[in-house]
Amino acid sequence: MNKFIMSTMLILLSCFAATAQKSDIQIQVLSENEAVIGANIYLESDKKSAVTDAEGKAQFSNVSNGKQTIIISYLGFETLKKTIQIPSQTAFVFHLEPNENELDEVVLQTSRTSRTVRKIPTRIEFINSEELEEKATMNPTNISMVLRESTGIQMQQTSLSSGNSNIKIQGLDGRYTQLLRDGFPLYSGFSSGLSIMQIPPLDLQQFEIIKGSSSTLYGGGAIAGLVNMVSKTPDEEPDLDIMLTQTHALGSTANVFYSKRNQKFGTTLYGSAHYQKAYDPEDDDFSNLPQTKSISFNPKIFYYPSEKTTFWLGVNGTYDDRIGGDMTKIKSGQTGIHQYTEDNVSKRLSSQAVYKTQLDSLSNFNIKNSISYFDRSLQVPDFNFSGKQINTFTEVSYERANAKTDWILGANVYSVNFDEADKAALQRDQKELTYGLFANSIFDISENWILETGLRTDYNADWGFFPLPRISLLYKNENGFSSRIGGGLGYKIPDIFTEEAESINFENVLGIDKDNLKAERSYGVNYDFNYQTRLGEIGFSANQLFYVTAIQNALLLNSSGTNFQFENAAEVILSKGAETNIKFNYKDFKWFLNYAFIDARLHYLAGNPQKPLTPKHNVGSVIMYESEAWRIGFETYYTGQQLLSNGTKTTDYTTMGFLLMRNFKWGALFTNFENFTDRRQSRFSPLVLPTHDRPVFPEIYAPTDGFIFSLGIIIKPFGNKAH
C-alpha cells in the first residue's frame, strides 16, 4: 500500500514539475510567403505579447509548457487564433489571410486589374459592404448618404421642391463626376440631379471612388473623378434580404434582394419601393421633402458555361414621380395664391450585358454593352421641360497580367441622343458619338516601386480628338508606409444639363452652339501618403492627400436678353486642397476622423473668388461599436462657411447622428436619429422668399429637411451571414 502511495505521489510530482517548466519559443508570421512586420502576437495563458520584427519573427522567453492559445492580429488581415503545444515544438510559422473588409486588400473593378489596392499606383477609395449596410439603414431610398459622408465629397441640393442633388468632388460641379454601375456609365446628362436620388443602395456590394482626372480609362466626364457602384453577385448559398423602414417625416421604404447560384446559372433579383408624403417642418406652406412615389427593379441572370467564362445580363428600371412646392396645392389643388409646384415624372430603363472569358493563365477577354433610356417631364407654372435621352455604350478589352506587369488594351464607342419634346419652343436636341482607344500598364519596377502609365485617344466628329495621357507612381515599404503621386488629363463635351440650367428648370436656356463653343479640358495632380501600424492593441492608419485640378474652357451660363446662353470661361477654374483621413480601432471599437480643405477659385472673375456653395473647411468624426449582437454609431460633421453667388457669406453648422442596431440570427432591428440637433437652413436664412404665388428660392447651402427619425427591420430568412 505504501509503495502504491509513494508511486502515485512521484507521478503527480513529475506531472507538476513538467507543467511548471518553462520554454523559449519563436513565432514567425507570413503572408503570401512575405514577412508581416509589426503583427501583434498575444499568449492568452501567460498574458504575454510581442510584435514581429523585420523577418516577421517574435521571441518569447519563459513560456509555460503545455497548451497555449495564441492570437495574431495585424491591420488589413484576418485575426488568427490557434492552440499550440509546448515543448513538443518551440518554433512556429503562421500565415495570415487578407481581410476583405480592409482597404489595402480589396480587388477593385474600376482599376481594371486583378491587383489589390496596395499594389495599384492609382489612388482608389473603397466603401465596403458593411459601411453600405450602415448607410442604407440611415437612408434606404438612395445613395446620397453614402457619398455625402465621404471626405472631400459634397452633395449639393439644387432644388427645394424636387430634392434634386448633384455630387461635387473636391469642389467641382456634379457634371464633372462620372457615375458608373458595374463599370457602365448609366447616370448622366438629362437625368442630372435626379441620378443620385434614384439609386437605392441595398443591392450594392461596394463603392470605388477615384478622385482627379480619370478620363484615360473611363472616357469624357471624369474630370473631378468617378464613382463606380459594384452590384452584388450570386453565391451558391441563397441570400434573401428584406428591409422595411419608416421615418417620422412620413416616408416609407421597402427593399427586397434575393440571389442564388448553381453550377451553370445564377440570379439576383432586387426591388425597391418608396413613398414620401410632402413634409414641411417650418410650417411655411412649402415642402422641404417632396411628395414622392418611386419604384425600382433590377433583375440579373448569370450563366457560367465553364470555370473560365461568365456571361450575365441585367435590366434596371425606375419610375419616379415627385411633386413639391406649395403644400396647399399639393394636397388640395390650385386655389388663389396657392399656385406653385414643381412636378418631376421620370422613367428609366437600362440593360447591361457582360461577357468575360479567361484565354489562358495570364490573359482575359471582355465584352460589355449597355443601352439606357431616360424619359423625364419637369412641370412648373407656365412652363414644361420634357424629353427623352438614349445612351449606348460598348467596350471590348484584352487584359494580360504576369508576375511584374499588367496590361489592358481596349476600344469603346459611346453615343448620346437627347430629343426634346416637339412642342417645346426651344428645340435643344443633341446627338454625340464618341470613339475611344485606350491602353494602360502597371509595372513592378522593384519590390518597393510600381509605375502605372496609360493613354487614351477619343474622337468625336463635332469636337475633335482628345489625347489623354496619365501616369502614377507608387512607393511602399515593409513598415506600413506607402505613397502615391499621379496625374492626367480630362475633357467634357458640352451639354445643357448643368447645375445652373437645372436651378432655373432649363427655362429660356439656349441649346449648345457647336460652332462657337469649345470642349472643356482639365489637368490634375494628386499626391498622397499612407501609414498604418499597431500601437499595442490599437490599430492606427492615416492617409493624407494633396491635389490640384484645373479646368479650361469651363462652360458658363450667362444671360442673353430674355434668354440664357452658354459660353466658355476666359480663364481657368482652379481647385486645390487637402484631405486627411485617420482611423483607430480597438477590439470592437472604431474611430474615424476626417478633414477636407477645398480652395476652388474662379479665375475668370475679378479677384479669383472662391466657388459659390463650396465650404473651405469640412470636419467629420464617426465612432462605431460593432459586435456580433450590436452596431452603435455616433457621428459629427462640421461644414464651414460658404459664399453665395452674390458674395454673401453663409453660416457654418454642425450636424450629429446616432445609429443603434441589434443583430439577430434572423436579421436586425435598427433606429436612426439623423441630424438630431435639427440643423437646417431655415434656422439661418429663409428657404422661400415672397410672393406666395410666385416664390423665389434662394441657393441651398445647408440641410433643408432637418432632424429625421427612422425605425426599421432587416429580415434575413437564410441566416444573417453579414454578422
# chains A, B, ... in the order shown; residues from 1 in each chain; ligands from 1

call {"tool": "select_by_dssp", "arguments": {"residues": "range 21-252 of chain A", "states": "strand (DSSP E or B)", "output": "number ranges by chain"}}
result
A: 22-31, 34-35, 40-43, 48-51, 57-64, 66-73, 77, 80-86, 91-95, 98, 107, 116, 125-127, 153-157, 165-169, 172, 177-181, 184-187, 204-211, 225-231, 239-247, 251-252

call {"tool": "residues_around", "arguments": {"residues": "range 230-243 of chain A", "least_positions_apart": "5", "cutoff": "7 Å", "atoms": "only C-alpha atoms", "output": "ChimeraX atom specification"}}
result
/A:181-182,203-207,254-262,266-268,713-718

call {"tool": "closest_atom_pairs", "arguments": {"of": "range 488-524 of chain A", "to": "range 422-433 of chain A", "cutoff": "12 Å", "atoms": "only C-alpha atoms", "output": "CSV"}}
result
residue,atom,partner,partner_atom,distance
A:Lys492,CA,A:Glu432,CA,12.0
A:Ile493,CA,A:Glu432,CA,8.8
A:Pro494,CA,A:Gln430,CA,10.0
A:Asp495,CA,A:Gln430,CA,7.8
A:Ile496,CA,A:Arg428,CA,8.2
A:Phe497,CA,A:Arg428,CA,10.9
A:Phe506,CA,A:Leu426,CA,10.3
A:Glu507,CA,A:Leu426,CA,9.2
A:Asn508,CA,A:Leu426,CA,7.7
A:Val509,CA,A:Leu426,CA,8.1
A:Leu510,CA,A:Leu426,CA,7.0
A:Gly511,CA,A:Arg428,CA,4.7
A:Ile512,CA,A:Arg428,CA,7.4
A:Asp513,CA,A:Arg428,CA,9.9
A:Lys514,CA,A:Gln430,CA,10.1

call {"tool": "write_last_selection", "arguments": {"atoms": "all heavy atoms", "output": "short mmCIF file (atom, residue, chain, number, x, y, z; two decimals), in the first residue's frame"}}
result
data_model
loop_
_atom_site.label_atom_id
_atom_site.label_comp_id
_atom_site.auth_asym_id
_atom_site.auth_seq_id
_atom_site.Cartn_x
_atom_site.Cartn_y
_atom_site.Cartn_z
N LYS A 492 -14.62 67.22 -71.22
CA LYS A 492 -16.07 67.10 -71.10
C LYS A 492 -16.71 67.78 -72.30
O LYS A 492 -16.47 68.96 -72.57
CB LYS A 492 -16.54 67.76 -69.80
CG LYS A 492 -18.04 67.89 -69.64
CD LYS A 492 -18.70 66.56 -69.39
CE LYS A 492 -20.18 66.74 -69.08
NZ LYS A 492 -20.91 65.45 -69.00
N ILE A 493 -17.53 67.02 -73.04
CA ILE A 493 -18.26 67.60 -74.18
C ILE A 493 -19.44 68.40 -73.64
O ILE A 493 -20.20 67.92 -72.80
CB ILE A 493 -18.73 66.48 -75.12
CG1 ILE A 493 -17.52 65.86 -75.83
CG2 ILE A 493 -19.73 67.01 -76.14
CD1 ILE A 493 -17.87 64.70 -76.72
N PRO A 494 -19.64 69.63 -74.09
CA PRO A 494 -20.70 70.48 -73.54
C PRO A 494 -22.10 69.93 -73.81
O PRO A 494 -22.38 69.37 -74.87
CB PRO A 494 -20.50 71.81 -74.28
CG PRO A 494 -19.09 71.80 -74.76
CD PRO A 494 -18.79 70.36 -75.06
N ASP A 495 -22.97 70.05 -72.81
CA ASP A 495 -24.41 69.84 -72.98
C ASP A 495 -25.13 70.81 -72.07
O ASP A 495 -24.51 71.52 -71.26
CB ASP A 495 -24.81 68.39 -72.71
CG ASP A 495 -24.48 67.92 -71.31
OD1 ASP A 495 -24.62 68.71 -70.37
OD2 ASP A 495 -24.08 66.76 -71.13
N ILE A 496 -26.45 70.89 -72.18
CA ILE A 496 -27.20 71.91 -71.45
C ILE A 496 -27.47 71.51 -70.01
O ILE A 496 -28.00 72.31 -69.23
CB ILE A 496 -28.54 72.24 -72.14
CG1 ILE A 496 -29.50 71.05 -72.05
CG2 ILE A 496 -28.31 72.65 -73.58
CD1 ILE A 496 -30.91 71.39 -72.51
N PHE A 497 -27.10 70.30 -69.60
CA PHE A 497 -27.52 69.79 -68.30
C PHE A 497 -26.51 70.14 -67.22
O PHE A 497 -25.82 69.28 -66.67
CB PHE A 497 -27.76 68.29 -68.39
CG PHE A 497 -28.71 67.93 -69.49
CD1 PHE A 497 -28.27 67.24 -70.62
CD2 PHE A 497 -30.04 68.31 -69.43
CE1 PHE A 497 -29.15 66.93 -71.64
CE2 PHE A 497 -30.91 68.00 -70.46
CZ PHE A 497 -30.46 67.32 -71.57
N PHE A 506 -34.27 74.85 -66.67
CA PHE A 506 -33.93 74.86 -68.10
C PHE A 506 -34.80 75.84 -68.91
O PHE A 506 -34.83 75.79 -70.13
CB PHE A 506 -34.05 73.45 -68.70
CG PHE A 506 -33.23 72.42 -67.98
CD1 PHE A 506 -33.82 71.58 -67.06
CD2 PHE A 506 -31.87 72.30 -68.22
CE1 PHE A 506 -33.08 70.63 -66.38
CE2 PHE A 506 -31.11 71.34 -67.55
CZ PHE A 506 -31.72 70.51 -66.63
N GLU A 507 -35.46 76.74 -68.23
CA GLU A 507 -36.34 77.70 -68.91
C GLU A 507 -35.52 78.80 -69.58
O GLU A 507 -34.63 79.40 -68.97
CB GLU A 507 -37.32 78.31 -67.91
CG GLU A 507 -38.38 79.18 -68.56
CD GLU A 507 -39.46 79.62 -67.59
OE1 GLU A 507 -39.34 79.32 -66.38
OE2 GLU A 507 -40.43 80.28 -68.03
N ASN A 508 -35.79 79.04 -70.87
CA ASN A 508 -35.11 80.07 -71.67
C ASN A 508 -33.61 79.82 -71.80
O ASN A 508 -32.84 80.76 -72.04
CB ASN A 508 -35.36 81.47 -71.08
CG ASN A 508 -36.82 81.85 -71.09
OD1 ASN A 508 -37.57 81.48 -72.00
ND2 ASN A 508 -37.25 82.57 -70.07
N VAL A 509 -33.19 78.58 -71.67
CA VAL A 509 -31.78 78.23 -71.86
C VAL A 509 -31.58 77.79 -73.31
O VAL A 509 -32.20 76.83 -73.77
CB VAL A 509 -31.36 77.11 -70.90
CG1 VAL A 509 -29.93 76.65 -71.20
CG2 VAL A 509 -31.48 77.57 -69.46
N LEU A 510 -30.72 78.51 -74.02
CA LEU A 510 -30.47 78.18 -75.42
C LEU A 510 -29.65 76.91 -75.53
O LEU A 510 -28.91 76.53 -74.61
CB LEU A 510 -29.74 79.34 -76.11
CG LEU A 510 -30.48 80.68 -76.14
CD1 LEU A 510 -29.61 81.75 -76.81
CD2 LEU A 510 -31.82 80.55 -76.86
N GLY A 511 -29.76 76.22 -76.66
CA GLY A 511 -29.05 74.98 -76.89
C GLY A 511 -27.56 75.19 -77.08
O GLY A 511 -27.06 76.32 -77.14
N ILE A 512 -26.81 74.10 -77.20
CA ILE A 512 -25.36 74.15 -77.36
C ILE A 512 -25.02 74.61 -78.78
O ILE A 512 -25.48 74.03 -79.77
CB ILE A 512 -24.74 72.77 -77.09
CG1 ILE A 512 -24.98 72.36 -75.64
CG2 ILE A 512 -23.26 72.76 -77.42
CD1 ILE A 512 -24.34 73.30 -74.62
N ASP A 513 -24.20 75.67 -78.86
CA ASP A 513 -23.74 76.19 -80.13
C ASP A 513 -22.38 75.56 -80.46
O ASP A 513 -21.34 76.01 -79.98
CB ASP A 513 -23.61 77.72 -80.05
CG ASP A 513 -23.26 78.35 -81.38
OD1 ASP A 513 -22.94 77.60 -82.34
OD2 ASP A 513 -23.29 79.59 -81.48
N LYS A 514 -22.40 74.50 -81.25
CA LYS A 514 -21.17 73.76 -81.53
C LYS A 514 -20.17 74.55 -82.35
O LYS A 514 -18.97 74.22 -82.37
CB LYS A 514 -21.51 72.45 -82.25
CG LYS A 514 -22.31 71.47 -81.40
CD LYS A 514 -22.54 70.15 -82.11
CE LYS A 514 -23.28 69.16 -81.23
NZ LYS A 514 -23.50 67.85 -81.89
#

call {"tool": "closest_atom_pairs", "arguments": {"of": "range 448-558 of chain A", "to": "range 399-418 of chain A", "cutoff": "10 Å", "atoms": "only C-alpha atoms", "output": "Markdown table"}}
result
| residue | atom | partner | partner_atom | distance |
| --- | --- | --- | --- | --- |
| A:Ile450 | CA | A:Lys404 | CA | 9.1 |
| A:Leu451 | CA | A:Thr405 | CA | 9.6 |
| A:Glu452 | CA | A:Asp406 | CA | 9.2 |
| A:Thr453 | CA | A:Trp407 | CA | 9.9 |
| A:Gly454 | CA | A:Ile408 | CA | 9.3 |
| A:Leu455 | CA | A:Leu409 | CA | 9.9 |
| A:Arg456 | CA | A:Ala411 | CA | 9.3 |
| A:Thr457 | CA | A:Ala411 | CA | 9.7 |
| A:Asp458 | CA | A:Val413 | CA | 9.2 |
| A:Tyr459 | CA | A:Val413 | CA | 9.6 |
| A:Asn460 | CA | A:Tyr414 | CA | 9.8 |
| A:Asp495 | CA | A:Phe418 | CA | 9.8 |

call {"tool": "atom_distance", "arguments": {"atom1": "CA of Val227 in chain A", "atom2": "CA of Ala569 in chain A"}}
result
26.7 Å

call {"tool": "select_by_dssp", "arguments": {"residues": "range 444-657 of chain A", "states": "alpha helix (DSSP H)", "output": "ChimeraX atom specification"}}
result
/A:499-503

call {"tool": "write_last_selection", "arguments": {"atoms": "N, CA, C and O atoms", "output": "PDB file, in the first residue's frame"}}
result
ATOM      1  N   GLU A 499     -25.705  72.478 -63.490  1.00  0.00           N
ATOM      2  CA  GLU A 499     -26.406  72.882 -62.267  1.00  0.00           C
ATOM      3  C   GLU A 499     -27.097  74.228 -62.434  1.00  0.00           C
ATOM      4  O   GLU A 499     -28.209  74.438 -61.921  1.00  0.00           O
ATOM      5  N   GLU A 500     -26.435  75.163 -63.144  1.00  0.00           N
ATOM      6  CA  GLU A 500     -27.041  76.487 -63.326  1.00  0.00           C
ATOM      7  C   GLU A 500     -28.328  76.392 -64.137  1.00  0.00           C
ATOM      8  O   GLU A 500     -29.331  77.037 -63.810  1.00  0.00           O
ATOM      9  N   ALA A 501     -28.312  75.579 -65.197  1.00  0.00           N
ATOM     10  CA  ALA A 501     -29.513  75.428 -66.022  1.00  0.00           C
ATOM     11  C   ALA A 501     -30.614  74.714 -65.257  1.00  0.00           C
ATOM     12  O   ALA A 501     -31.792  75.068 -65.361  1.00  0.00           O
ATOM     13  N   GLU A 502     -30.233  73.721 -64.463  1.00  0.00           N
ATOM     14  CA  GLU A 502     -31.238  72.979 -63.704  1.00  0.00           C
ATOM     15  C   GLU A 502     -31.889  73.848 -62.632  1.00  0.00           C
ATOM     16  O   GLU A 502     -33.072  73.698 -62.327  1.00  0.00           O
ATOM     17  N   SER A 503     -31.117  74.773 -62.045  1.00  0.00           N
ATOM     18  CA  SER A 503     -31.663  75.618 -60.985  1.00  0.00           C
ATOM     19  C   SER A 503     -32.774  76.533 -61.485  1.00  0.00           C
ATOM     20  O   SER A 503     -33.607  76.991 -60.695  1.00  0.00           O
TER      21      SER A 503
END

call {"tool": "residues_around", "arguments": {"residues": "Phe540 in chain A", "least_positions_apart": "3", "cutoff": "6 Å", "atoms": "only C-alpha atoms", "output": "VMD selection string"}}
result
chain A and resid 532 to 534 583 to 584

call {"tool": "decode", "arguments": {"residues": "range 357-369 of chain A", "atoms": "all heavy atoms", "output": "CSV table (one decimal), in the first residue's frame"}}
result
chain,number,residue,atom,x,y,z
A,357,THR,N,-14.1,36.0,-70.4
A,357,THR,CA,-13.6,34.7,-70.6
A,357,THR,C,-12.1,34.7,-70.3
A,357,THR,O,-11.4,35.7,-70.7
A,357,THR,CB,-13.9,34.1,-71.9
A,357,THR,OG1,-13.4,32.7,-72.0
A,357,THR,CG2,-13.2,34.8,-73.0
A,358,GLN,N,-11.5,33.7,-69.7
A,358,GLN,CA,-10.1,33.6,-69.5
A,358,GLN,C,-9.5,32.8,-70.6
A,358,GLN,O,-9.8,31.6,-70.8
A,358,GLN,CB,-9.8,32.9,-68.1
A,358,GLN,CG,-8.4,32.8,-67.7
A,358,GLN,CD,-8.2,32.2,-66.4
A,358,GLN,OE1,-9.1,32.1,-65.6
A,358,GLN,NE2,-7.0,31.8,-66.1
A,359,LEU,N,-8.6,33.5,-71.4
A,359,LEU,CA,-8.0,32.8,-72.5
A,359,LEU,C,-6.9,31.8,-72.1
A,359,LEU,O,-6.8,30.8,-72.7
A,359,LEU,CB,-7.4,33.9,-73.4
A,359,LEU,CG,-8.4,35.0,-74.0
A,359,LEU,CD1,-7.7,36.0,-74.8
A,359,LEU,CD2,-9.5,34.3,-74.8
A,360,ASP,N,-6.1,32.2,-71.1
A,360,ASP,CA,-5.1,31.3,-70.6
A,360,ASP,C,-4.8,31.8,-69.2
A,360,ASP,O,-5.6,32.6,-68.6
A,360,ASP,CB,-3.8,31.3,-71.5
A,360,ASP,CG,-3.3,32.7,-71.7
A,360,ASP,OD1,-3.2,33.5,-70.7
A,360,ASP,OD2,-2.9,33.0,-72.8
A,361,SER,N,-3.8,31.3,-68.6
A,361,SER,CA,-3.5,31.6,-67.2
A,361,SER,C,-3.1,33.1,-67.0
A,361,SER,O,-3.1,33.5,-65.8
A,361,SER,CB,-2.4,30.7,-66.7
A,361,SER,OG,-1.2,30.9,-67.4
A,362,LEU,N,-2.8,33.8,-68.1
A,362,LEU,CA,-2.3,35.1,-67.9
A,362,LEU,C,-3.3,36.2,-68.5
A,362,LEU,O,-3.1,37.4,-68.2
A,362,LEU,CB,-0.9,35.3,-68.6
A,362,LEU,CG,0.2,34.4,-68.0
A,362,LEU,CD1,1.5,34.7,-68.9
A,362,LEU,CD2,0.5,34.8,-66.6
A,363,SER,N,-4.2,35.8,-69.4
A,363,SER,CA,-5.0,36.8,-70.1
A,363,SER,C,-6.5,36.5,-70.1
A,363,SER,O,-6.9,35.4,-69.9
A,363,SER,CB,-4.5,36.9,-71.6
A,363,SER,OG,-4.6,35.6,-72.2
A,364,ASN,N,-7.2,37.7,-70.3
A,364,ASN,CA,-8.7,37.6,-70.3
A,364,ASN,C,-9.2,38.5,-71.4
A,364,ASN,O,-8.5,39.4,-71.9
A,364,ASN,CB,-9.3,38.2,-69.0
A,364,ASN,CG,-8.9,37.4,-67.8
A,364,ASN,OD1,-9.4,36.3,-67.5
A,364,ASN,ND2,-7.9,37.9,-67.0
A,365,PHE,N,-10.4,38.1,-71.9
A,365,PHE,CA,-11.0,38.9,-72.9
A,365,PHE,C,-12.4,39.3,-72.5
A,365,PHE,O,-13.2,38.4,-71.9
A,365,PHE,CB,-11.1,38.1,-74.2
A,365,PHE,CG,-11.8,38.8,-75.4
A,365,PHE,CD1,-11.3,39.8,-76.0
A,365,PHE,CD2,-13.1,38.4,-75.8
A,365,PHE,CE1,-11.9,40.5,-77.0
A,365,PHE,CE2,-13.7,39.0,-76.8
A,365,PHE,CZ,-13.2,40.1,-77.5
A,366,ASN,N,-12.8,40.5,-72.7
A,366,ASN,CA,-14.1,41.0,-72.1
A,366,ASN,C,-14.9,41.8,-73.2
A,366,ASN,O,-14.3,42.6,-73.9
A,366,ASN,CB,-13.9,42.0,-70.9
A,366,ASN,CG,-13.0,41.4,-69.9
A,366,ASN,OD1,-13.3,40.3,-69.3
A,366,ASN,ND2,-11.8,42.0,-69.7
A,367,ILE,N,-16.2,41.7,-73.2
A,367,ILE,CA,-17.1,42.5,-74.0
A,367,ILE,C,-18.2,42.9,-73.1
A,367,ILE,O,-18.8,42.1,-72.3
A,367,ILE,CB,-17.7,41.7,-75.2
A,367,ILE,CG1,-16.6,41.1,-76.0
A,367,ILE,CG2,-18.6,42.5,-76.0
A,367,ILE,CD1,-17.1,40.2,-77.1
A,368,LYS,N,-18.6,44.2,-73.2
A,368,LYS,CA,-19.7,44.7,-72.4
A,368,LYS,C,-20.5,45.7,-73.2
A,368,LYS,O,-20.0,46.4,-74.1
A,368,LYS,CB,-19.2,45.3,-71.1
A,368,LYS,CG,-18.3,46.5,-71.3
A,368,LYS,CD,-18.0,47.2,-70.0
A,368,LYS,CE,-17.4,46.3,-69.0
A,368,LYS,NZ,-17.0,47.1,-67.7
A,369,ASN,N,-21.8,45.7,-73.0
A,369,ASN,CA,-22.7,46.6,-73.7
A,369,ASN,C,-23.8,47.1,-72.8
A,369,ASN,O,-24.3,46.3,-71.9
A,369,ASN,CB,-23.3,45.9,-74.9
A,369,ASN,CG,-24.4,46.8,-75.6
A,369,ASN,OD1,-25.6,46.6,-75.3
A,369,ASN,ND2,-24.0,47.7,-76.5
